[in-house]
Amino acid sequence: MMNWNTPRYLWPRKLRLLLSRDDFRRHPFRSVVRRVVWRMRWSLYPERLWKVRASDGFPLFTKCWGAGALIYYQGASEPDTAGFIRHFLKPGMVFADVGANLGEYTLLAAHVLGTSGRVHAFEPNPNVFEILRKNIELNHCGNVTACPEAVWERETVVGFELTPNPGLSAVQPEKQGKESARTITVRTVTLDNYFADATKPNLIKVDVEGAELQVLNGATSLLALPPLHAPVVIFEYGPCNTQRFRYAADSTIRFLRAHGYVVYGWHRGAPVCLEGPPVLPGMDAVCNLVATKRPFATSPKPRDL
């Protein structure tokens with residue numbers, strides 16, 4: 001069996017990834033310089049926080065992590081996701097950021113929503129939560145509530161695995177039986193219970209490294225709301241990640257469709273209607289999909305994401 005992580009295969013993959021980046025296509029020289037500066041900076045100061053600036057203008061602290069690198073390189077870790085949040089949210093709305101990480105989308109939403117709106121950011125990794133809190137304070141976001149719990153299908157205590165790249169840290173699958181020095185326990189909350197006595201969210205972003213279906217299982221009351229009140233959901237679709245939880249990635253799509261949702265891709269500012277599961281380039285690939293009970297008025301023909 002081939003080991004795709006050996007240098008023989010890793011460098012061609014990294015080169016193809018670089019060539020596919022929009023920032024490289026627009027400004028090749030500048031994009032290469034930024035990558036060199038990023039690596040030099042962390043080799044000199046590996047433990048210090050670094051303040052970078054998102055494409056929307058707000059600053060945020062990061063460490064030498066994947067999301068921070070992409071923000072520094074191209075202004076957003078996932079430009080399509082940032083574009084959809086910017087497109088959909090309006091002042092006065094409520095946004096739930098499940099898997100907030102450094103707070104990139106939390107801060108973007110806070111600036112878009114203004115003082116009349118509200119953001120609820122969930123991040124159970126204690127090391128990342130501390131940076132999230134600093135970023136909220138840095139941007140004076142009084143309309144953000146930061147929650148250190150993991151969002152799950154029921155309220156309990158679960159194992160949470162800490163990884164070198166905190167963006168990949170996640171709740172451990174139940175009955176995995178794998179304990180290590182990198183495992184901590186965290187409390188969980190369901191979206192239904194959290195928003196039971198609060199203003200319901202207009203948009204929920206879910207990026208939890210394969211546990212998206214479990215998060216949505218804990219939000220069935222919200223998903224059952226009529227179209228004018230049901231939240232729009234933007235969620236990560238990753239076959240390799242969902243395998244950890246022993247379900248197929250398209251189960252999330254079927255689950256949402258059973259609740260009356262229509263599922264779209266969102267690519268370069270336009271919706272992409274999906275008649276079936278998206279065709280991904282491989283098991284390691286991920287993309288973000290959008291589910292809504294009020295279908296977009298127009299959308300391009302279905303295509304691979």
# chains A, B, ... in the order shown; residues from 1 in each chain; ligands from 1
>>> select_by_dssp(residues="stretch 148-240 of chain A", states="strand (DSSP E or B)", output="JSON, numbers by chain")
{"A": [150, 151, 157, 158, 159, 160, 161, 170, 171, 183, 184, 185, 186, 187, 188, 189, 203, 204, 205, 206, 232, 233, 234, 235, 236, 237]}
>>> write_last_selection(atoms="C-alpha atoms", output="PDB file, in the first residue's frame")
ATOM      1  CA  ALA A 150     -18.551  21.056  22.811  1.00  0.00           C
ATOM      2  CA  VAL A 151     -21.818  20.923  20.873  1.00  0.00           C
ATOM      3  CA  VAL A 157     -19.152  14.615  29.269  1.00  0.00           C
ATOM      4  CA  VAL A 158     -17.046  13.335  26.362  1.00  0.00           C
ATOM      5  CA  GLY A 159     -13.424  12.725  25.512  1.00  0.00           C
ATOM      6  CA  PHE A 160     -11.771  15.397  23.403  1.00  0.00           C
ATOM      7  CA  GLU A 161      -8.503  14.728  21.579  1.00  0.00           C
ATOM      8  CA  ALA A 170     -12.244  16.907  17.952  1.00  0.00           C
ATOM      9  CA  VAL A 171     -14.571  14.956  20.177  1.00  0.00           C
ATOM     10  CA  THR A 183      -7.177  13.401  25.656  1.00  0.00           C
ATOM     11  CA  ILE A 184      -9.170  15.648  27.959  1.00  0.00           C
ATOM     12  CA  THR A 185     -12.815  15.587  29.014  1.00  0.00           C
ATOM     13  CA  VAL A 186     -15.205  18.385  28.075  1.00  0.00           C
ATOM     14  CA  ARG A 187     -18.829  19.094  28.815  1.00  0.00           C
ATOM     15  CA  THR A 188     -21.319  19.142  25.955  1.00  0.00           C
ATOM     16  CA  VAL A 189     -24.430  21.122  25.141  1.00  0.00           C
ATOM     17  CA  LEU A 203     -27.393  30.792  10.630  1.00  0.00           C
ATOM     18  CA  ILE A 204     -25.501  27.860  12.148  1.00  0.00           C
ATOM     19  CA  LYS A 205     -21.962  27.048  11.028  1.00  0.00           C
ATOM     20  CA  VAL A 206     -20.794  23.522  11.926  1.00  0.00           C
ATOM     21  CA  VAL A 232     -29.755  28.027   7.537  1.00  0.00           C
ATOM     22  CA  VAL A 233     -26.895  25.592   8.125  1.00  0.00           C
ATOM     23  CA  ILE A 234     -23.427  25.713   6.613  1.00  0.00           C
ATOM     24  CA  PHE A 235     -21.527  22.549   7.449  1.00  0.00           C
ATOM     25  CA  GLU A 236     -18.351  20.704   6.570  1.00  0.00           C
ATOM     26  CA  TYR A 237     -18.666  17.660   4.308  1.00  0.00           C
TER      27      TYR A 237
END
>>> select_by_dssp(residues="stretch 9-201 of chain A", states="alpha helix (DSSP H)", output="VMD selection string")
chain A and resid 9 to 20 22 to 26 28 to 44 66 to 74 79 to 88 104 to 113 126 to 138 191 to 194
>>> residues_around(residues="A:Gly83", least_positions_apart="6", cutoff="10 Å", atoms="only C-alpha atoms", output="list in words")
Ala76, Trp266, His267, Arg268, Gly269 and Ala270 of chain A
>>> write_last_selection(atoms="C-alpha atoms", output="PDB file, in the first residue's frame")
ATOM      1  CA  ALA A  76      -9.519  33.860   5.034  1.00  0.00           C
ATOM      2  CA  TRP A 266     -21.363  27.611  -2.391  1.00  0.00           C
ATOM      3  CA  HIS A 267     -18.599  28.376  -4.847  1.00  0.00           C
ATOM      4  CA  ARG A 268     -17.162  31.789  -5.680  1.00  0.00           C
ATOM      5  CA  GLY A 269     -20.230  33.649  -4.471  1.00  0.00           C
ATOM      6  CA  ALA A 270     -22.848  31.493  -6.171  1.00  0.00           C
TER       7      ALA A 270
END
>>> closest_residue(among="A:Ser55, A:Thr163, A:Gly260, A:Tyr72", to="A:Val32", atoms="only C-alpha atoms")
A:Tyr72
>>> residues_around(residues="A:Ala224", least_positions_apart="3", cutoff="12 Å", atoms="only C-alpha atoms", output="mmCIF file with N, CA and C atoms, in the first residue's frame")
data_model
loop_
_atom_site.group_PDB
_atom_site.id
_atom_site.type_symbol
_atom_site.label_atom_id
_atom_site.label_comp_id
_atom_site.auth_asym_id
_atom_site.auth_seq_id
_atom_site.Cartn_x
_atom_site.Cartn_y
_atom_site.Cartn_z
ATOM 1 N N ASP A 192 -30.454 22.674 20.712
ATOM 2 C CA ASP A 192 -31.854 22.817 21.118
ATOM 3 C C ASP A 192 -31.960 23.354 22.536
ATOM 4 N N LEU A 216 -26.118 18.104 14.608
ATOM 5 C CA LEU A 216 -27.455 18.333 14.061
ATOM 6 C C LEU A 216 -28.508 17.461 14.749
ATOM 7 N N ASN A 217 -28.100 16.279 15.229
ATOM 8 C CA ASN A 217 -29.034 15.450 16.001
ATOM 9 C C ASN A 217 -29.486 16.153 17.273
ATOM 10 N N GLY A 218 -28.662 17.036 17.782
ATOM 11 C CA GLY A 218 -29.017 17.808 18.966
ATOM 12 C C GLY A 218 -29.711 19.117 18.646
ATOM 13 N N ALA A 219 -30.103 19.291 17.387
ATOM 14 C CA ALA A 219 -30.762 20.532 16.967
ATOM 15 C C ALA A 219 -32.054 20.248 16.212
ATOM 16 N N THR A 220 -32.679 19.093 16.469
ATOM 17 C CA THR A 220 -33.852 18.709 15.684
ATOM 18 C C THR A 220 -35.029 19.663 15.880
ATOM 19 N N SER A 221 -35.166 20.243 17.066
ATOM 20 C CA SER A 221 -36.257 21.206 17.288
ATOM 21 C C SER A 221 -36.044 22.463 16.458
ATOM 22 N N PRO A 227 -40.163 27.201 7.507
ATOM 23 C CA PRO A 227 -39.129 27.808 6.668
ATOM 24 C C PRO A 227 -38.754 29.238 7.025
ATOM 25 N N LEU A 228 -39.706 30.057 7.436
ATOM 26 C CA LEU A 228 -39.390 31.454 7.748
ATOM 27 C C LEU A 228 -38.554 31.583 9.017
ATOM 28 N N HIS A 229 -38.540 30.548 9.845
ATOM 29 C CA HIS A 229 -37.840 30.641 11.133
ATOM 30 C C HIS A 229 -36.721 29.616 11.277
ATOM 31 N N ALA A 230 -36.695 28.602 10.446
ATOM 32 C CA ALA A 230 -35.663 27.568 10.555
ATOM 33 C C ALA A 230 -34.297 28.141 10.189
ATOM 34 N N PRO A 231 -33.252 27.763 10.921
ATOM 35 C CA PRO A 231 -31.921 28.302 10.606
ATOM 36 C C PRO A 231 -31.364 27.730 9.312
ATOM 37 N N VAL A 232 -30.589 28.524 8.628
ATOM 38 C CA VAL A 232 -29.755 28.027 7.537
ATOM 39 C C VAL A 232 -28.529 27.394 8.175
ATOM 40 N N PHE A 255 -30.093 13.484 6.190
ATOM 41 C CA PHE A 255 -30.715 13.925 7.439
ATOM 42 C C PHE A 255 -31.364 15.301 7.267
ATOM 43 N N LEU A 256 -30.643 16.206 6.649
ATOM 44 C CA LEU A 256 -31.176 17.557 6.452
ATOM 45 C C LEU A 256 -32.337 17.555 5.456
ATOM 46 N N ARG A 257 -32.226 16.762 4.407
ATOM 47 C CA ARG A 257 -33.336 16.680 3.450
ATOM 48 C C ARG A 257 -34.589 16.109 4.111
ATOM 49 N N ALA A 258 -34.412 15.169 5.045
ATOM 50 C CA ALA A 258 -35.566 14.607 5.755
ATOM 51 C C ALA A 258 -36.253 15.650 6.618
ATOM 52 N N HIS A 259 -35.539 16.719 6.966
ATOM 53 C CA HIS A 259 -36.124 17.810 7.742
ATOM 54 C C HIS A 259 -36.592 18.962 6.853
ATOM 55 N N GLY A 260 -36.667 18.708 5.553
ATOM 56 C CA GLY A 260 -37.220 19.708 4.643
ATOM 57 C C GLY A 260 -36.217 20.674 4.054
ATOM 58 N N TYR A 261 -34.952 20.375 4.183
ATOM 59 C CA TYR A 261 -33.916 21.276 3.686
ATOM 60 C C TYR A 261 -33.516 20.934 2.257
ATOM 61 N N THR A 292 -30.800 24.953 3.429
ATOM 62 C CA THR A 292 -31.799 25.956 3.720
ATOM 63 C C THR A 292 -33.192 25.420 3.410
ATOM 64 N N LYS A 293 -34.178 25.872 4.152
ATOM 65 C CA LYS A 293 -35.572 25.515 3.863
ATOM 66 C C LYS A 293 -36.208 26.488 2.886
#
